[in-house]
>>> print(open('final-v7.txt').read())   # compact mmCIF, C-alpha atoms
# COMPACT_ATOMS: atom_id res chain seq x y z
CA MET P 1 69.95 19.03 165.92
CA GLY P 2 69.03 22.47 164.89
CA ARG P 3 66.39 21.01 162.55
CA GLN P 4 65.05 18.83 165.39
CA GLN P 5 64.69 21.89 167.47
CA SER P 6 62.97 23.74 164.71
CA CYS P 7 60.51 20.86 164.52
CA GLY P 8 60.06 21.07 168.22
CA LEU P 9 59.77 17.27 168.76
CA PRO P 10 62.16 14.83 170.31
CA SER P 11 63.74 12.77 167.52
CA GLY P 12 62.08 9.44 168.68
CA THR P 13 58.62 10.88 168.51
CA LYS P 14 59.25 12.31 165.08
CA ARG P 15 60.55 8.98 163.77
CA ARG P 16 57.49 7.20 165.17
CA LYS P 17 55.21 9.68 163.49
CA GLY P 18 57.12 9.28 160.22
CA PHE P 19 56.82 5.52 160.52
CA VAL P 20 53.07 5.75 161.13
CA PHE P 21 52.74 8.05 158.14
CA SER P 22 54.72 5.68 155.96
CA MET P 23 52.66 2.70 157.15
CA ASP P 24 49.54 4.70 156.45
CA ILE P 25 50.65 5.28 152.85
CA ILE P 26 51.58 1.62 152.40
CA ILE P 27 48.27 0.39 153.77
CA ALA P 28 46.32 2.88 151.65
CA VAL P 29 48.21 1.97 148.48
CA ALA P 30 47.85 -1.74 149.28
CA PHE P 31 44.13 -1.31 149.79
CA GLY P 32 43.81 0.67 146.58
CA LEU P 33 45.76 -1.97 144.68
CA LEU P 34 43.60 -4.70 146.19
CA LEU P 35 40.48 -2.99 144.91
CA LEU P 36 42.05 -2.55 141.46
CA ILE P 37 43.01 -6.23 141.37
CA ILE P 38 39.47 -7.22 142.32
CA ALA P 39 38.17 -4.91 139.57
CA GLN P 40 40.56 -6.44 137.05
CA GLY P 41 39.39 -9.88 138.14
CA PHE P 42 35.80 -8.94 137.45
CA LEU P 43 36.70 -7.56 134.04
CA SER P 44 38.76 -10.57 133.00
CA VAL P 45 36.06 -13.12 133.81
CA SER P 46 33.29 -11.20 132.07
CA ARG P 47 33.18 -11.82 128.29
CA ASP P 48 33.04 -8.89 125.92
CA SER P 49 30.05 -9.67 123.73
CA LEU P 50 30.93 -6.96 121.21
CA SER P 51 34.26 -8.54 120.43
CA SER P 52 32.56 -11.94 120.14
CA LEU P 53 30.09 -10.48 117.69
CA GLN P 54 32.93 -8.87 115.79
CA VAL P 55 34.71 -12.20 115.40
CA SER P 56 31.53 -13.91 114.30
CA ARG P 57 30.72 -11.22 111.75
CA THR P 58 34.21 -11.25 110.35
CA GLY P 59 33.75 -14.95 109.58
CA SER P 60 30.35 -14.30 108.07
CA ASP P 61 31.67 -11.46 105.90
CA ILE P 62 34.62 -13.49 104.64
CA ALA P 63 32.41 -16.46 103.73
CA ALA P 64 29.99 -14.11 101.94
CA ALA P 65 32.83 -12.40 100.08
CA LEU P 66 34.24 -15.75 98.93
CA ASP P 67 30.76 -16.63 97.68
CA HIS P 68 30.11 -13.31 95.92
CA GLN P 69 33.54 -13.27 94.29
CA GLY P 70 32.78 -16.67 92.78
CA VAL P 71 35.80 -18.26 94.44
CA LEU P 72 33.68 -20.97 96.05
CA ASP P 73 32.31 -21.84 92.60
CA THR P 74 35.77 -22.94 91.52
CA LEU P 75 35.83 -25.69 94.18
CA ASP P 76 39.59 -25.28 93.90
CA GLU P 77 41.14 -25.86 97.32
CA ASP P 78 44.28 -23.82 96.59
CA ALA P 79 42.42 -20.86 95.08
CA ILE P 80 40.00 -20.72 97.99
CA ALA P 81 42.80 -21.05 100.56
CA GLU P 82 44.78 -18.28 98.87
CA GLN P 83 41.81 -15.93 98.79
CA LEU P 84 40.96 -16.79 102.40
CA GLU P 85 44.49 -15.95 103.48
CA ASP P 86 44.31 -12.63 101.66
CA MET P 87 41.10 -11.61 103.38
CA LEU P 88 41.58 -12.97 106.88
CA PRO P 89 42.84 -10.42 109.44
CA VAL P 90 46.17 -11.43 110.99
CA ASN P 91 44.82 -12.00 114.48
CA TYR P 92 42.14 -14.45 113.30
CA GLN P 93 42.20 -18.03 112.14
CA MET P 94 39.55 -19.69 110.08
CA ARG P 95 38.52 -23.05 108.71
CA LEU P 96 36.16 -23.79 105.82
CA GLU P 97 34.41 -27.10 105.26
CA ILE P 98 32.80 -27.27 101.82
CA LYS P 99 30.45 -30.00 100.70
CA THR P 100 28.86 -30.27 97.27
CA ASN P 101 25.76 -32.11 96.16
CA GLY P 102 26.36 -33.69 92.76
CA GLU P 103 30.03 -34.57 92.96
CA GLY P 104 29.85 -35.22 96.68
CA GLU P 105 33.13 -33.36 96.96
CA GLU P 106 34.36 -32.34 100.40
CA LEU P 107 37.04 -29.72 100.96
CA ASP P 108 38.64 -28.81 104.29
CA ILE P 109 40.52 -25.53 104.08
CA GLY P 110 42.42 -23.61 106.75
CA GLU P 111 43.57 -24.37 110.25
CA SER P 112 42.44 -27.23 112.47
CA LEU P 113 39.97 -26.31 115.16
CA PRO P 114 41.76 -25.33 118.40
CA ALA P 115 40.84 -26.86 121.74
CA ASN P 116 40.83 -23.84 124.01
CA ARG P 117 39.34 -21.08 121.95
CA GLU P 118 35.91 -19.59 121.54
CA ILE P 119 34.88 -20.67 118.02
CA PHE P 120 32.12 -19.07 115.97
CA SER P 121 30.52 -20.90 113.10
CA GLY P 122 27.96 -20.35 110.35
CA ARG P 123 26.78 -21.93 107.12
CA ARG P 124 25.99 -20.73 103.63
CA VAL P 125 24.71 -22.42 100.51
CA PHE P 126 25.75 -21.56 97.00
CA ALA P 127 25.03 -22.56 93.42
CA VAL P 128 28.00 -23.63 91.34
CA THR P 129 28.01 -22.06 87.88
CA ASP P 130 30.15 -23.64 85.23
CA GLY P 131 30.10 -22.85 81.52
CA GLY P 132 27.00 -20.67 81.75
CA GLU P 133 24.87 -23.20 83.55
CA ILE P 134 24.23 -24.33 87.10
CA SER P 135 26.29 -27.48 87.50
CA ASP P 136 26.06 -28.19 91.22
CA TYR P 137 25.11 -26.87 94.66
CA GLY P 138 27.37 -26.52 97.63
CA MET P 139 27.35 -25.75 101.31
CA VAL P 140 30.17 -24.07 103.18
CA GLN P 141 30.52 -24.15 106.94
CA TYR P 142 33.00 -21.67 108.35
CA PHE P 143 34.69 -21.65 111.75
CA ILE P 144 36.53 -18.60 113.01
CA TRP P 145 38.42 -17.82 116.20
CA VAL P 146 40.95 -15.37 117.58
CA LYS P 147 44.56 -16.61 117.51
CA MET H 148 54.95 21.77 166.56
CA ARG H 149 51.81 19.94 167.56
CA GLU H 150 50.05 21.66 164.71
CA LYS H 151 52.67 20.26 162.36
CA VAL H 152 52.11 16.73 163.71
CA LYS H 153 48.41 17.25 163.46
CA GLY H 154 48.84 18.44 159.87
CA MET H 155 50.87 15.34 159.05
CA THR H 156 48.20 13.11 160.60
CA ASN H 157 45.50 14.93 158.63
CA ARG H 158 47.43 14.41 155.42
CA GLY H 159 47.68 10.71 156.23
CA VAL H 160 43.95 10.49 156.89
CA LEU H 161 43.20 12.40 153.72
CA PHE H 162 45.54 10.16 151.70
CA THR H 163 43.97 7.00 153.12
CA ALA H 164 40.49 8.33 152.57
CA GLY H 165 41.45 9.37 149.03
CA MET H 166 42.79 5.95 148.18
CA VAL H 167 39.73 4.24 149.67
CA ILE H 168 37.38 6.51 147.71
CA LEU H 169 39.38 6.05 144.50
CA GLY H 170 39.37 2.28 144.94
CA ALA H 171 35.69 2.21 145.77
CA VAL H 172 34.81 4.34 142.76
CA THR H 173 36.96 2.13 140.51
CA LEU H 174 35.30 -0.97 141.89
CA ALA H 175 31.86 0.54 141.43
CA LEU H 176 32.65 1.47 137.84
CA VAL H 177 33.92 -2.01 137.14
CA LEU H 178 30.78 -3.54 138.63
CA VAL H 179 28.70 -1.33 136.35
CA VAL H 180 30.77 -2.43 133.34
CA VAL H 181 30.45 -6.07 134.37
CA GLU H 182 26.70 -5.69 134.78
CA GLN H 183 26.43 -4.15 131.33
CA ARG H 184 28.54 -6.90 129.84
CA GLN H 185 26.32 -9.52 131.44
CA GLN H 186 23.29 -7.84 129.92
CA ALA H 187 25.02 -7.68 126.54
CA ASN H 188 26.00 -11.34 126.83
CA ALA H 189 22.40 -12.26 127.47
CA GLN H 190 21.59 -10.64 124.12
CA LEU H 191 24.58 -12.17 122.35
CA ILE H 192 23.10 -15.63 121.75
CA PRO H 193 19.95 -14.28 120.03
CA MET H 194 22.11 -11.86 118.03
CA LEU H 195 24.40 -14.66 116.89
CA GLY H 196 21.30 -16.68 116.03
CA LEU H 197 19.97 -13.80 113.94
CA ASP H 198 23.34 -13.51 112.22
CA ARG H 199 23.34 -17.21 111.37
CA GLN H 200 19.80 -16.97 110.06
CA TYR H 201 20.73 -13.89 108.01
CA ASP H 202 23.76 -15.70 106.56
CA LEU H 203 21.65 -18.62 105.52
CA PHE H 204 18.83 -16.46 104.17
CA THR H 205 21.05 -14.25 102.04
CA SER H 206 22.95 -17.23 100.66
CA ILE H 207 19.73 -19.01 99.68
CA GLU H 208 18.48 -15.78 98.14
CA GLY H 209 21.75 -15.47 96.23
CA GLY H 210 21.51 -19.07 95.03
CA LEU H 211 17.95 -18.65 93.76
CA ARG H 212 18.85 -15.35 92.09
CA GLU H 213 21.81 -16.97 90.37
CA ILE H 214 19.67 -19.85 89.10
CA ILE H 215 17.10 -17.41 87.68
CA LEU H 216 19.73 -15.27 85.97
CA VAL H 217 21.77 -18.18 84.64
CA GLU H 218 19.11 -20.71 83.69
CA SER H 219 16.25 -18.46 82.59
CA GLY H 220 18.46 -15.91 80.88
CA MET H 221 16.22 -13.16 82.19
CA GLU H 222 17.64 -9.68 82.56
CA PHE H 223 16.72 -7.11 85.17
CA ASN H 224 17.82 -3.54 85.39
CA ALA H 225 16.74 -0.63 87.52
CA SER H 226 18.87 2.18 86.15
CA ASN H 227 17.15 4.78 88.28
CA ALA H 228 14.63 4.91 91.11
CA THR H 229 11.55 4.98 88.86
CA THR H 230 12.39 2.77 85.88
CA VAL H 231 12.75 -0.96 85.66
CA MET H 232 13.62 -3.18 82.71
CA ILE H 233 12.80 -6.87 82.53
CA GLY H 234 13.92 -8.82 79.51
CA GLU H 235 13.73 -12.43 78.39
CA SER H 236 13.37 -14.65 75.36
CA ILE H 237 9.89 -15.93 74.61
CA PRO H 238 9.17 -18.74 74.16
CA SER H 239 12.02 -20.49 75.92
CA ASN H 240 13.04 -23.93 77.08
CA ALA H 241 12.34 -23.93 80.80
CA ASP H 242 13.42 -27.50 81.52
CA ALA H 243 16.93 -26.60 82.69
CA PHE H 244 15.53 -23.81 84.86
CA ARG H 245 13.01 -26.09 86.56
CA ALA H 246 15.58 -28.84 87.05
CA ALA H 247 18.02 -26.40 88.64
CA MET H 248 15.32 -25.00 90.91
CA ALA H 249 14.20 -28.45 92.00
CA GLY H 250 17.79 -29.55 92.62
CA PHE H 251 18.55 -26.49 94.70
CA GLU H 252 15.33 -26.86 96.70
CA ASP H 253 16.12 -30.50 97.50
CA PHE H 254 19.72 -29.70 98.42
CA VAL H 255 18.75 -26.86 100.76
CA GLU H 256 15.87 -28.65 102.44
CA ASP H 257 17.90 -31.85 102.86
CA ASN H 258 20.77 -30.00 104.55
CA PHE H 259 18.81 -27.44 106.54
CA ALA H 260 15.81 -28.81 108.36
CA GLU H 261 14.87 -25.30 109.43
CA VAL H 262 14.48 -24.07 105.84
CA GLN H 263 11.44 -24.40 103.65
CA LEU H 264 11.36 -23.11 100.07
CA ASN H 265 8.07 -22.38 98.38
CA LEU H 266 8.87 -22.58 94.68
CA ILE H 267 5.58 -23.84 93.25
CA ASP H 268 4.58 -20.50 91.70
CA VAL H 269 8.15 -19.77 90.75
CA ASN H 270 8.49 -23.02 88.82
CA ASP H 271 5.08 -22.66 87.18
CA ASN H 272 4.74 -19.02 86.22
CA LEU H 273 7.95 -17.38 87.41
CA PRO H 274 6.11 -14.27 88.62
CA PHE H 275 7.79 -11.10 89.83
CA PHE H 276 6.44 -8.21 91.84
CA ILE H 277 7.48 -4.66 91.17
CA SER H 278 7.47 -2.64 94.37
CA PRO H 279 6.37 -0.22 95.66
CA TYR H 280 4.01 0.06 92.69
CA ASN H 281 2.17 -3.21 93.20
CA VAL H 282 2.69 -4.31 89.61
CA SER H 283 3.11 -7.96 88.69
CA PHE H 284 5.13 -9.42 85.85
CA THR H 285 4.23 -12.98 85.04
CA HIS H 286 3.99 -15.72 82.45
CA PRO H 287 0.22 -16.35 82.45
CA ASP H 288 0.26 -19.72 80.70
CA GLN H 289 3.48 -21.10 82.12
CA TYR H 290 7.05 -19.93 82.23
CA GLY H 291 8.68 -20.97 78.97
CA GLN H 292 5.49 -20.42 76.94
CA ASP H 293 4.98 -17.66 74.41
CA ARG H 294 3.68 -14.77 76.51
CA ILE H 295 4.30 -12.36 79.32
CA THR H 296 1.86 -10.08 81.12
CA ILE H 297 2.51 -6.97 83.14
CA THR H 298 -0.41 -6.14 85.38
CA PRO H 299 -0.70 -2.93 87.41
CA THR H 300 -3.29 -2.76 90.17
CA ALA H 301 -3.89 0.91 89.45
CA LEU H 302 -3.22 3.25 86.57
CA ASN H 303 0.23 4.03 87.92
CA VAL H 304 2.42 3.23 84.91
CA LYS H 305 4.06 6.35 83.58
CA SER H 306 5.60 4.86 80.43
CA TYR H 307 6.12 1.63 78.52
CA GLY H 308 9.10 0.94 76.30
CA ILE H 309 9.28 -2.35 74.44
CA PHE H 310 12.42 -3.59 72.74
CA ILE H 311 12.30 -6.64 70.49
CA ASN H 312 15.35 -8.40 69.14
CA SER H 313 14.84 -11.19 66.66
CA SER H 314 18.09 -13.07 66.20
CA LYS H 315 16.77 -15.68 63.77
CA MET H 316 13.70 -14.28 62.01
CA GLU H 317 13.60 -11.29 59.71
CA ILE H 318 11.19 -8.60 60.85
CA GLU H 319 8.98 -7.44 57.99
CA SER H 320 6.86 -4.74 59.56
CA LEU H 321 5.69 -3.00 62.69
CA THR H 322 2.04 -1.94 62.68
CA TRP H 323 0.61 0.29 65.39
CA GLY H 324 -3.13 -0.13 65.96
CA GLY H 325 -5.39 1.52 68.50
CA SER H 326 -4.70 4.46 70.75
CA LYS H 327 -2.24 7.09 69.57
CA SER H 328 -3.35 9.85 71.87
CA GLY H 329 -3.19 10.05 75.62
CA ASN H 330 -0.75 10.93 78.34
CA VAL H 331 1.37 7.79 78.67
CA PRO H 332 4.45 7.57 76.40
CA MET H 333 4.76 4.17 74.77
CA SER H 334 7.45 3.13 72.33
CA VAL H 335 8.34 0.00 70.41
CA ARG H 336 11.71 -0.69 68.85
CA ALA H 337 12.20 -3.91 66.92
CA VAL H 338 15.47 -5.06 65.42
CA ASP H 339 16.50 -8.26 63.69
CA TYR H 340 19.70 -10.10 62.86
CA LEU H 341 19.78 -8.52 59.41
CA GLY H 342 20.03 -5.05 60.84
CA ASN H 343 16.43 -4.07 60.09
CA GLU H 344 15.05 -1.65 62.63
CA PHE H 345 11.49 -0.46 63.18
CA VAL H 346 10.71 2.23 65.72
CA GLU H 347 7.40 3.81 66.62
CA ALA H 348 6.38 5.84 69.64
CA HIS H 349 3.14 7.55 70.68
CA GLN H 350 1.37 8.96 73.67
CA VAL H 351 -1.36 6.44 74.48
CA ASP H 352 -4.42 6.17 76.65
CA LEU H 353 -4.01 3.04 78.78
CA THR H 354 -7.78 2.77 79.24
CA LYS H 355 -8.16 2.20 75.51
CA ASN H 356 -7.07 -0.46 73.11
CA VAL H 357 -3.49 -0.60 71.83
CA ALA H 358 -2.55 -3.37 69.41
CA ILE H 359 0.93 -3.46 67.93
CA THR H 360 1.85 -6.20 65.49
CA ILE H 361 5.37 -7.25 64.54
CA ALA H 362 5.26 -9.37 61.40
CA PHE H 363 8.09 -11.70 60.42
CA ALA H 364 9.06 -12.41 56.81
CA ASP H 365 8.10 -15.84 55.53
CA GLU H 366 6.41 -16.73 58.83
CA ASP H 367 2.73 -17.34 59.47
CA ASP H 368 2.45 -15.87 62.94
CA ASP H 369 3.21 -12.49 64.49
CA LEU H 370 4.42 -10.99 67.71
CA LEU H 371 1.73 -8.94 69.43
CA VAL H 372 2.00 -6.16 71.97
CA GLN H 373 -1.37 -5.28 73.45
CA VAL H 374 -3.11 -3.07 75.95
CA ARG H 375 -6.79 -3.82 76.31
CA PRO H 376 -9.51 -1.41 77.52
CA ASN H 377 -10.55 -1.50 81.18
CA GLU H 378 -7.53 -3.49 82.33
CA LEU H 379 -5.72 -0.65 84.13
CA GLY H 380 -2.92 -0.62 81.60
CA THR H 381 -2.11 -4.33 81.60
CA LEU H 382 0.51 -5.00 78.93
CA ARG H 383 0.57 -8.29 77.05
CA VAL H 384 3.38 -9.46 74.82
CA GLU H 385 2.85 -12.67 72.85
CA ASN H 386 5.16 -14.25 70.35
CA HIS H 387 3.10 -16.73 68.37
CA GLU H 388 6.09 -17.98 66.43
CA GLU H 389 7.98 -21.06 67.59
CA GLU H 390 11.30 -19.31 67.18
CA SER H 391 12.13 -17.33 70.27
CA VAL H 392 12.50 -13.56 70.31
CA PHE H 393 14.13 -11.46 73.01
CA VAL H 394 11.66 -9.00 74.52
CA ALA H 395 12.65 -6.32 77.01
CA VAL H 396 9.98 -4.17 78.62
CA THR H 397 10.99 -0.95 80.33
CA ILE H 398 8.37 0.41 82.69
CA GLY H 399 8.44 3.93 84.04
CA PHE H 400 6.75 4.83 87.30
CA PRO H 401 6.06 8.05 89.17
CA LEU H 402 8.61 8.95 91.82
CA MET H 403 7.90 7.50 95.25
CA SER H 404 9.85 7.58 98.48
CA GLU H 405 10.99 3.97 98.02
CA PRO H 406 13.07 3.04 94.95
CA VAL H 407 11.71 0.49 92.52
CA SER H 408 12.54 -3.16 93.15
CA VAL H 409 11.69 -6.49 91.54
CA THR H 410 11.16 -9.56 93.72
CA LEU H 411 9.82 -13.08 93.60
CA PRO H 412 6.53 -13.68 95.47
CA PRO H 413 6.60 -13.12 99.24
CA ASP H 414 7.38 -16.07 101.53
CA THR H 415 9.47 -17.85 98.91
CA ILE H 416 12.06 -18.56 101.63
CA ARG H 417 11.06 -19.52 105.14
CA ILE H 418 13.58 -20.15 107.92
CA ASN H 419 12.39 -21.29 111.29
CA TYR H 420 14.77 -21.58 114.24
CA SER H 421 12.06 -22.73 116.62
CA SER H 422 14.53 -23.34 119.46
CA MET H 423 15.42 -19.64 119.43
CA GLY H 424 11.98 -18.41 118.52
CA ILE H 425 13.26 -16.92 115.27
CA GLU H 426 11.24 -17.17 112.08
CA HIS H 427 12.15 -15.32 108.92
CA ARG H 428 9.99 -15.26 105.83
CA GLY H 429 11.32 -13.47 102.82
CA THR H 430 11.76 -13.44 99.11
CA VAL H 431 14.39 -12.98 96.44
CA ARG H 432 15.17 -9.49 95.24
CA MET H 433 16.36 -9.36 91.65
CA VAL H 434 17.06 -5.61 91.54
>>> encode(input="final-v7.txt", output="structure tokens")
Amino acid sequence: MGRQQSCGLPSGTKRRKGFVFSMDIIIAVAFGLLLLIIAQGFLSVSRDSLSSLQVSRTGSDIAAALDHQGVLDTLDEDAIAEQLEDMLPVNYQMRLEIKTNGEGEELDIGESLPANREIFSGRRVFAVTDGGEISDYGMVQYFIWVK
Amino acid sequence: MREKVKGMTNRGVLFTAGMVILGAVTLALVLVVVEQRQQANAQLIPMLGLDRQYDLFTSIEGGLREIILVESGMEFNASNATTVMIGESIPSNADAFRAAMAGFEDFVEDNFAEVQLNLIDVNDNLPFFISPYNVSFTHPDQYGQDRITITPTALNVKSYGIFINSSKMEIESLTWGGSKSGNVPMSVRAVDYLGNEFVEAHQVDLTKNVAITIAFADEDDDLLVQVRPNELGTLRVENHEEESVFVAVTIGFPLMSEPVSVTLPPDTIRINYSSMGIEHRGTVRMV
């Protein structure tokens, strides 16, 4: 009672004012949250092209590395798969489809293509060297996506 | 008391206004980010197209380089920015090289409609260009025949070093004819499978005649290294024997801003993604 007097307002008026103040805070916070949610919505629907490019270039770099290391030349499915696993970052998945000219060999290495992922693809050609001579030519098509 | 209520109301107004401003600023920032992302996305497709084209180009370049190194047995080395070495056996059997080139060309063009390889000169004369000095290295008759020619377009060669390794014929002598005075160092070192070694080096004048003869024991023909007058220092190496000899020519150049490189002729590889308006013409860099 003493505190009410020090405030100088009847207790009903003070409660009403407190209620209005509380409502004011709630409405303001709700409005702020609404704007943040709208902002988040905008961000989530817009694609980050840099990350897309990063995924694509990771695939390109891995295919190039397999080529330059001579692993593709082996045409050995297990060796290529092992090397691919070593090089592929954990949050990515990749598939290689290799086709050769002379032998007509076709190798499918890695995961199956997912249905609901953004997949990036590219192709390379390579010469197969065996015993100090060019024995065949091959083409590798890679597919890469984020897990 | 009223002032206190008024203060409370003001705080409420300020809080509401603050939240509205904060939200509006956040929203505005997000719209800016979204706008930028949309612009970046518009550039993404061409960038991915360029990446795919680059992948394909570099792999074709790598394939052609591998065929040259494996099937021709040629050696290239640029140990520093101003010196390049090109070595090969002359004469040589070029059938396997031409077959490999033709096979690769067919394979690439059959699988990639957008790619065109221009290998006519490469199969015939296997010429190389030494940049940025505008010097050509070629096989004037045909690749596989008995001679190579190095042709500058100006007197810009600083030194010539010729190494000859005969793995089947005994070298009998090395005779230096012509210019022995000038300002361009030129050296010849010839070794054979028996361990014989002949070395001679002089400063020469590349506007005058230089004629160096390597004679083989019990053979009728010689290996010649020549510079002829008024040819801007063009170097000719000819092995008139049927048995092949490995010849490596090291060429020194004055220092330029761009390091020395050896490439096949321009426009050897052409990739045309007409749907994306991308066309890339390029060549194969050996070193």
>>> residues_around(input="final-v7.txt", residues="stretch 127-129 of chain P", least_positions_apart="6", cutoff="8 Å", atoms="all atoms listed in the file", output="number ranges by chain")
P: 72-74, 135-138; H: 210, 213-214, 251
>>> closest_residue(input="final-v7.txt", among="H:Asn281, H:Thr296, H:Ser313, H:Gln373", to="H:Gly325", atoms="only C-alpha atoms")
H:Gln373
>>> residues_around(input="final-v7.txt", residues="stretch 85-101 of chain P", least_positions_apart="2", cutoff="9 Å", atoms="all atoms listed in the file", output="JSON, numbers by chain")
{"P": [55, 58, 59, 62, 63, 65, 72, 75, 80, 81, 82, 83, 103, 104, 105, 106, 107, 108, 109, 110, 111, 112, 113, 128, 136, 137, 138, 139, 140, 141, 142, 143, 144, 145, 146, 147], "H": [254]}
>>> interface_residues(input="final-v7.txt", of="chain H", to="chain P", cutoff="8 Å", atoms="all atoms listed in the file", output="mmCIF file with C-alpha atoms, in the frame of the given file")
data_model
loop_
_atom_site.group_PDB
_atom_site.id
_atom_site.type_symbol
_atom_site.label_atom_id
_atom_site.label_comp_id
_atom_site.auth_asym_id
_atom_site.auth_seq_id
_atom_site.Cartn_x
_atom_site.Cartn_y
_atom_site.Cartn_z
ATOM 1 C CA MET H 148 54.950 21.770 166.560
ATOM 2 C CA VAL H 152 52.110 16.730 163.710
ATOM 3 C CA MET H 155 50.870 15.340 159.050
ATOM 4 C CA THR H 156 48.200 13.110 160.600
ATOM 5 C CA GLY H 159 47.680 10.710 156.230
ATOM 6 C CA PHE H 162 45.540 10.160 151.700
ATOM 7 C CA THR H 163 43.970 7.000 153.120
ATOM 8 C CA MET H 166 42.790 5.950 148.180
ATOM 9 C CA VAL H 167 39.730 4.240 149.670
ATOM 10 C CA LEU H 169 39.380 6.050 144.500
ATOM 11 C CA GLY H 170 39.370 2.280 144.940
ATOM 12 C CA ALA H 171 35.690 2.210 145.770
ATOM 13 C CA THR H 173 36.960 2.130 140.510
ATOM 14 C CA LEU H 174 35.300 -0.970 141.890
ATOM 15 C CA VAL H 177 33.920 -2.010 137.140
ATOM 16 C CA LEU H 178 30.780 -3.540 138.630
ATOM 17 C CA VAL H 180 30.770 -2.430 133.340
ATOM 18 C CA VAL H 181 30.450 -6.070 134.370
ATOM 19 C CA ARG H 184 28.540 -6.900 129.840
ATOM 20 C CA GLN H 185 26.320 -9.520 131.440
ATOM 21 C CA ALA H 187 25.020 -7.680 126.540
ATOM 22 C CA ASN H 188 26.000 -11.340 126.830
ATOM 23 C CA LEU H 191 24.580 -12.170 122.350
ATOM 24 C CA LEU H 195 24.400 -14.660 116.890
ATOM 25 C CA ASP H 198 23.340 -13.510 112.220
ATOM 26 C CA ARG H 199 23.340 -17.210 111.370
ATOM 27 C CA ASP H 202 23.760 -15.700 106.560
ATOM 28 C CA LEU H 203 21.650 -18.620 105.520
ATOM 29 C CA SER H 206 22.950 -17.230 100.660
ATOM 30 C CA ILE H 207 19.730 -19.010 99.680
ATOM 31 C CA GLY H 209 21.750 -15.470 96.230
ATOM 32 C CA GLY H 210 21.510 -19.070 95.030
ATOM 33 C CA GLU H 213 21.810 -16.970 90.370
ATOM 34 C CA ILE H 214 19.670 -19.850 89.100
ATOM 35 C CA VAL H 217 21.770 -18.180 84.640
ATOM 36 C CA GLU H 218 19.110 -20.710 83.690
ATOM 37 C CA ALA H 247 18.020 -26.400 88.640
ATOM 38 C CA PHE H 251 18.550 -26.490 94.700
ATOM 39 C CA PHE H 254 19.720 -29.700 98.420
ATOM 40 C CA VAL H 255 18.750 -26.860 100.760
#
>>> atom_distance(input="final-v7.txt", atom1="atom CA of H:Ala228", atom2="atom CA of H:Asn312")
25.7 Å
>>> residues_around(input="final-v7.txt", residues="H:Val269", least_positions_apart="4", cutoff="10 Å", atoms="all atoms listed in the file", output="PyMOL selection string")
chain H and resi 215+245+248+265+273-275+285+289-290+411-412+415
>>> write_last_selection(input="final-v7.txt", atoms="C-alpha atoms", output="mmCIF file, in the coordinates of the input")
data_model
loop_
_atom_site.group_PDB
_atom_site.id
_atom_site.type_symbol
_atom_site.label_atom_id
_atom_site.label_comp_id
_atom_site.auth_asym_id
_atom_site.auth_seq_id
_atom_site.Cartn_x
_atom_site.Cartn_y
_atom_site.Cartn_z
ATOM 1 C CA ILE H 215 17.100 -17.410 87.680
ATOM 2 C CA ARG H 245 13.010 -26.090 86.560
ATOM 3 C CA MET H 248 15.320 -25.000 90.910
ATOM 4 C CA ASN H 265 8.070 -22.380 98.380
ATOM 5 C CA LEU H 273 7.950 -17.380 87.410
ATOM 6 C CA PRO H 274 6.110 -14.270 88.620
ATOM 7 C CA PHE H 275 7.790 -11.100 89.830
ATOM 8 C CA THR H 285 4.230 -12.980 85.040
ATOM 9 C CA GLN H 289 3.480 -21.100 82.120
ATOM 10 C CA TYR H 290 7.050 -19.930 82.230
ATOM 11 C CA LEU H 411 9.820 -13.080 93.600
ATOM 12 C CA PRO H 412 6.530 -13.680 95.470
ATOM 13 C CA THR H 415 9.470 -17.850 98.910
#
>>> residues_near_point(input="final-v7.txt", point="(16.4, 0.2, 90.2)", cutoff="12 Å", atoms="only C-alpha atoms", output="list of chain:residue names")
H:Phe223, H:Asn224, H:Ala225, H:Ser226, H:Asn227, H:Ala228, H:Thr229, H:Thr230, H:Val231, H:Met232, H:Ile233, H:Ile277, H:Ser278, H:Pro279, H:Thr397, H:Ile398, H:Gly399, H:Phe400, H:Leu402, H:Glu405, H:Pro406, H:Val407, H:Ser408, H:Val409, H:Thr410, H:Arg432, H:Met433, H:Val434
>>> write_last_selection(input="final-v7.txt", atoms="C-alpha atoms", output="compact mmCIF listing (two decimals), in the frame of the given file")
# COMPACT_ATOMS: atom_id res chain seq x y z
CA PHE H 223 16.72 -7.11 85.17
CA ASN H 224 17.82 -3.54 85.39
CA ALA H 225 16.74 -0.63 87.52
CA SER H 226 18.87 2.18 86.15
CA ASN H 227 17.15 4.78 88.28
CA ALA H 228 14.63 4.91 91.11
CA THR H 229 11.55 4.98 88.86
CA THR H 230 12.39 2.77 85.88
CA VAL H 231 12.75 -0.96 85.66
CA MET H 232 13.62 -3.18 82.71
CA ILE H 233 12.80 -6.87 82.53
CA ILE H 277 7.48 -4.66 91.17
CA SER H 278 7.47 -2.64 94.37
CA PRO H 279 6.37 -0.22 95.66
CA THR H 397 10.99 -0.95 80.33
CA ILE H 398 8.37 0.41 82.69
CA GLY H 399 8.44 3.93 84.04
CA PHE H 400 6.75 4.83 87.30
CA LEU H 402 8.61 8.95 91.82
CA GLU H 405 10.99 3.97 98.02
CA PRO H 406 13.07 3.04 94.95
CA VAL H 407 11.71 0.49 92.52
CA SER H 408 12.54 -3.16 93.15
CA VAL H 409 11.69 -6.49 91.54
CA THR H 410 11.16 -9.56 93.72
CA ARG H 432 15.17 -9.49 95.24
CA MET H 433 16.36 -9.36 91.65
CA VAL H 434 17.06 -5.61 91.54
